[in-house]
$ cat model-v7.txt   # compact mmCIF, C-alpha atoms
# COMPACT_ATOMS: atom_id res chain seq x y z
CA THR G 1 -31.42 -53.28 77.72
CA ALA G 2 -28.82 -51.80 75.31
CA THR G 3 -29.73 -48.75 73.29
CA ASN G 4 -28.08 -48.14 69.92
CA SER G 5 -27.56 -44.41 69.41
CA PRO G 6 -26.89 -43.03 65.88
CA ARG G 7 -23.41 -41.80 65.12
CA GLU G 8 -22.46 -39.06 62.65
CA LEU G 9 -19.76 -39.88 60.08
CA ILE G 10 -18.04 -36.94 58.39
CA VAL G 11 -16.00 -37.63 55.27
CA SER G 12 -13.75 -34.96 53.78
CA LEU G 13 -13.03 -35.45 50.06
CA THR G 14 -10.67 -33.28 48.03
CA VAL G 15 -10.84 -33.56 44.24
CA THR G 16 -7.98 -32.12 42.23
CA SER G 17 -8.71 -31.31 38.59
CA THR G 18 -5.94 -30.34 36.14
CA VAL G 19 -7.04 -27.77 33.59
CA PRO G 20 -5.53 -28.50 30.15
CA VAL G 21 -3.02 -25.80 29.26
CA ARG G 22 -1.26 -25.55 25.91
CA ILE G 23 1.37 -22.80 25.85
CA ILE G 24 2.85 -22.17 22.42
CA GLY G 25 6.16 -20.51 21.66
CA VAL G 26 7.89 -19.81 18.36
CA SER G 27 11.52 -18.92 17.74
CA GLY G 28 14.24 -19.08 15.12
CA SER G 29 16.48 -16.91 12.98
CA LEU G 30 14.33 -16.07 9.96
CA ALA G 31 16.30 -13.10 8.62
CA PHE G 32 17.51 -14.67 5.38
CA GLY G 33 19.51 -11.72 4.02
CA ASN G 34 20.39 -11.56 0.33
CA VAL G 35 19.34 -14.50 -1.83
CA THR G 36 19.73 -14.69 -5.60
CA MET G 37 16.53 -15.13 -7.58
CA GLY G 38 16.04 -18.69 -8.72
CA THR G 39 17.75 -20.12 -5.65
CA THR G 40 16.42 -21.04 -2.21
CA VAL G 41 17.68 -20.82 1.35
CA GLN G 42 16.27 -22.65 4.38
CA ALA G 43 16.14 -21.99 8.10
CA ALA G 44 14.47 -23.63 11.12
CA LEU G 45 11.32 -22.38 12.81
CA VAL G 46 11.05 -23.87 16.31
CA ILE G 47 7.58 -24.43 17.80
CA THR G 48 7.48 -25.29 21.50
CA ASN G 49 4.73 -26.48 23.83
CA SER G 50 5.39 -25.66 27.49
CA GLY G 51 1.88 -26.60 28.63
CA ASN G 52 0.60 -29.70 30.39
CA THR G 53 -1.12 -31.38 27.45
CA ALA G 54 -0.54 -31.94 23.76
CA LEU G 55 -0.68 -28.99 21.33
CA THR G 56 -2.20 -29.47 17.87
CA VAL G 57 -0.91 -27.31 15.01
CA THR G 58 -3.38 -27.07 12.12
CA ASN G 59 -1.60 -24.63 9.80
CA ILE G 60 1.21 -22.11 9.39
CA THR G 61 0.71 -18.99 7.28
CA TYR G 62 3.57 -17.17 5.55
CA PRO G 63 4.01 -13.91 3.64
CA THR G 64 4.88 -14.03 -0.06
CA GLY G 65 8.24 -15.63 -0.81
CA PHE G 66 8.31 -17.95 2.20
CA SER G 67 6.94 -21.43 2.80
CA GLY G 68 7.15 -24.33 5.24
CA PRO G 69 4.01 -26.40 5.73
CA PHE G 70 3.44 -28.29 8.96
CA THR G 71 0.50 -29.88 10.74
CA GLY G 72 0.72 -32.21 13.69
CA THR G 73 0.85 -32.69 17.43
CA ILE G 74 3.52 -31.43 19.79
CA GLU G 75 3.53 -33.20 23.14
CA MET G 76 3.82 -31.25 26.39
CA GLY G 77 7.31 -30.05 27.12
CA ARG G 78 8.47 -30.80 23.60
CA ALA G 79 9.45 -28.81 20.50
CA THR G 80 9.29 -29.31 16.75
CA ASN G 81 11.51 -27.85 14.04
CA VAL G 82 9.82 -26.72 10.84
CA THR G 83 11.93 -26.03 7.74
CA VAL G 84 11.16 -22.59 6.31
CA THR G 85 12.19 -21.90 2.71
CA PHE G 86 12.85 -18.48 1.18
CA ALA G 87 12.55 -18.45 -2.62
CA PRO G 88 12.63 -14.89 -4.00
CA ALA G 89 10.99 -14.42 -7.39
CA ALA G 90 11.81 -10.71 -7.78
CA VAL G 91 14.52 -8.20 -6.95
CA THR G 92 12.89 -6.74 -3.87
CA THR G 93 12.80 -6.94 -0.08
CA TYR G 94 10.38 -9.48 1.41
CA THR G 95 9.10 -8.98 4.94
CA GLY G 96 6.16 -10.11 7.01
CA THR G 97 4.93 -12.31 9.83
CA VAL G 98 4.78 -16.07 10.17
CA THR G 99 1.71 -17.21 12.13
CA VAL G 100 1.31 -20.67 13.66
CA ILE G 101 -2.35 -21.67 13.95
CA SER G 102 -3.12 -24.15 16.71
CA ASP G 103 -5.34 -24.93 19.71
CA ALA G 104 -2.97 -23.15 22.11
CA THR G 105 -4.57 -21.60 25.17
CA SER G 106 -1.79 -19.00 25.57
CA GLY G 107 1.66 -18.00 24.42
CA GLY G 108 3.03 -16.27 21.33
CA ASN G 109 2.38 -17.74 17.89
CA THR G 110 4.02 -15.21 15.53
CA ILE G 111 7.54 -14.38 14.37
CA SER G 112 8.97 -11.89 11.87
CA VAL G 113 10.59 -13.07 8.64
CA SER G 114 12.60 -11.18 6.04
CA GLY G 115 14.83 -11.59 3.02
CA THR G 116 15.97 -9.74 -0.10
CA GLY G 117 15.80 -11.08 -3.63
CA MET G 118 18.93 -10.29 -5.62
CA PRO G 119 19.38 -10.35 -9.39
CA VAL G 120 21.03 -13.24 -11.11
CA PRO G 121 24.46 -12.12 -12.35
CA VAL G 122 24.65 -12.33 -16.14
CA VAL G 123 27.94 -12.73 -17.98
CA PRO G 124 28.16 -9.94 -20.58
CA PRO G 125 29.15 -10.64 -24.18
CA GLY G 126 32.79 -10.11 -25.07
CA SER G 127 36.09 -11.47 -23.92
CA GLY G 128 37.36 -8.52 -21.91
CA THR G 129 40.17 -7.65 -24.31
CA GLY G 130 40.77 -4.27 -25.93
CA PRO G 131 39.40 -5.34 -29.33
CA ALA G 132 36.51 -7.27 -27.73
CA PRO G 133 35.60 -5.61 -24.40
CA TYR G 134 32.83 -6.90 -22.17
CA GLN G 135 29.60 -5.28 -23.43
CA ILE G 136 27.64 -3.93 -20.46
CA SER G 137 23.99 -3.43 -21.40
CA GLN G 138 21.91 -4.33 -18.30
CA LEU G 139 21.90 -4.10 -14.53
CA ALA G 140 22.69 -7.81 -14.18
CA HIS G 141 25.98 -7.19 -16.03
CA LEU G 142 26.98 -4.68 -13.34
CA VAL G 143 26.15 -7.28 -10.68
CA TRP G 144 28.45 -9.68 -12.52
CA MET G 145 31.19 -7.04 -12.41
CA VAL G 146 30.74 -6.75 -8.63
CA ASP G 147 31.10 -10.51 -8.23
CA HIS G 148 34.18 -10.68 -10.49
CA VAL G 149 36.08 -7.53 -9.55
CA ASP G 150 38.96 -9.68 -8.32
CA VAL G 151 39.78 -10.60 -11.95
CA SER G 152 39.23 -7.14 -13.44
CA SER G 153 42.90 -6.28 -13.85
CA GLY G 154 43.73 -5.73 -17.51
CA ARG G 155 40.13 -6.27 -18.59
CA TYR G 156 38.12 -3.89 -20.79
CA TYR G 157 34.45 -2.99 -20.43
CA ILE G 158 32.15 -0.78 -22.49
CA VAL G 159 28.58 0.38 -21.78
CA GLN G 160 26.34 -0.36 -24.76
CA ASN G 161 23.22 1.61 -23.82
CA ASP G 162 21.56 3.58 -21.03
CA ILE G 163 20.82 1.41 -17.97
CA ASP G 164 17.97 1.92 -15.48
CA ALA G 165 19.30 0.98 -12.04
CA SER G 166 16.30 2.17 -9.99
CA ASP G 167 15.65 -1.38 -8.74
CA THR G 168 18.75 -1.04 -6.55
CA THR G 169 16.75 1.01 -4.03
CA ASN G 170 15.56 -2.17 -2.29
CA TRP G 171 18.73 -4.21 -2.65
CA ASN G 172 20.67 -5.57 0.29
CA GLY G 173 17.96 -4.82 2.80
CA GLY G 174 17.61 -1.21 1.67
CA VAL G 175 21.28 -0.19 1.60
CA GLY G 176 21.29 -0.46 -2.18
CA PHE G 177 23.94 -1.31 -4.73
CA ALA G 178 27.28 -2.70 -3.59
CA PRO G 179 30.04 -0.76 -5.40
CA ILE G 180 32.27 -2.55 -7.87
CA GLY G 181 35.39 -3.10 -5.75
CA ASP G 182 36.60 -1.65 -2.46
CA ASP G 183 39.83 -0.71 -0.68
CA SER G 184 41.00 -4.29 -0.41
CA THR G 185 39.87 -5.43 -3.88
CA PRO G 186 39.76 -2.38 -6.18
CA PHE G 187 38.53 -2.36 -9.75
CA LEU G 188 41.63 -2.45 -11.97
CA GLY G 189 40.08 -2.68 -15.41
CA VAL G 190 39.28 -0.10 -18.10
CA PHE G 191 35.65 1.02 -18.08
CA ASP G 192 34.35 2.98 -21.08
CA GLY G 193 31.06 4.74 -20.37
CA ASN G 194 30.65 5.32 -24.11
CA GLY G 195 28.48 8.40 -23.51
CA LYS G 196 25.71 6.32 -21.96
CA VAL G 197 23.88 7.00 -18.67
CA ILE G 198 23.28 4.74 -15.68
CA THR G 199 20.31 6.23 -13.80
CA GLY G 200 18.74 5.51 -10.41
CA LEU G 201 21.76 3.79 -8.87
CA SER G 202 20.99 3.79 -5.13
CA MET G 203 23.42 3.46 -2.23
CA ASN G 204 22.34 4.18 1.35
CA ARG G 205 25.51 3.33 3.26
CA PRO G 206 26.27 6.23 5.64
CA ALA G 207 28.95 4.28 7.51
CA GLN G 208 31.01 3.67 4.34
CA ASN G 209 33.34 5.97 2.44
CA TYR G 210 34.25 6.21 -1.24
CA LEU G 211 30.88 5.15 -2.59
CA GLY G 212 29.90 5.17 -6.22
CA LEU G 213 29.58 2.79 -9.11
CA PHE G 214 33.17 1.89 -8.20
CA GLY G 215 34.34 1.61 -4.61

$ encode --input "model-v7.txt" --output "structure tokens"
Amino acid sequence: TATNSPRELIVSLTVTSTVPVRIIGVSGSLAFGNVTMGTTVQAALVITNSGNTALTVTNITYPTGFSGPFTGTIEMGRATNVTVTFAPAAVTTYTGTVTVISDATSGGNTISVSGTGMPVPVVPPGSGTGPAPYQISQLAHLVWMVDHVDVSSGRYYIVQNDIDASDTTNWNGGVGFAPIGDDSTPFLGVFDGNGKVITGLSMNRPAQNYLGLFG
């Protein structure tokens, strides 16, 4: 008679499980420099996902003066550009950190941002002639003179009152007021101080020579 003997069957099973990984990265050139109040400048913030599954962005927070809303999904291995807008409302330096809020499991989600609000140049009263000189009465008139120094030859200017220029401390990223003219484009007009005082004019430019109200 035949006898059936039991046999042992061994099965080896390997299960591979992929853990979802969402690696966020942020980059871009968000140093906006000098921007006149009342105007805007834009730059691109790049958000990348180098993980193995989709990344969901739920919000982006900005310091005062900057904006650029975005919510959405970034697929693995992809990137999204977000338009960041700088709109200065005051003559001051704006700095801070942009933070991208998402479901990332790792990576860096912040980037620095900066910009300086500059005054709007204001055309002074007068025609620039001897009998009717330009009447300089505010800081914005001096900014206008900086911007139009190339046509100062033969023009006349007179200061109408004392001018507080202390706001210039934060101008141009902290280097202060840009002199009216320089070696290549000097001021060639006639400037009458009229016994008035311009106080608080700030210039922190150690690498430059011949600094003053006029360069």

$ closest_residue --input "model-v7.txt" --among "G:Val41, G:Val19, G:Met118, G:Leu213" --to "G:Asn172" --atoms "all atoms listed in the file"
G:Met118

$ residues_near_point --input "model-v7.txt" --point "(25.2, -5.4, -19.2)" --cutoff "10 Å" --atoms "all atoms listed in the file" --output "number ranges by chain"
G: 121-125, 134-145, 157-163

$ closest_residue --input "model-v7.txt" --among "G:Ile111, G:Val57, G:Ala43, G:Met76" --to "G:Val26" --atoms "only C-alpha atoms"
G:Ile111

$ atom_distance --input "model-v7.txt" --atom1 "atom CA of G:Leu55" --atom2 "atom CA of G:Ser102"
7.1 Å

$ residues_near_point --input "model-v7.txt" --point "(4.9, -27.7, 29.6)" --cutoff "6 Å" --atoms "all atoms listed in the file" --output "list in words"
Asn49, Ser50, Gly51, Asn52, Met76 and Gly77 of chain G
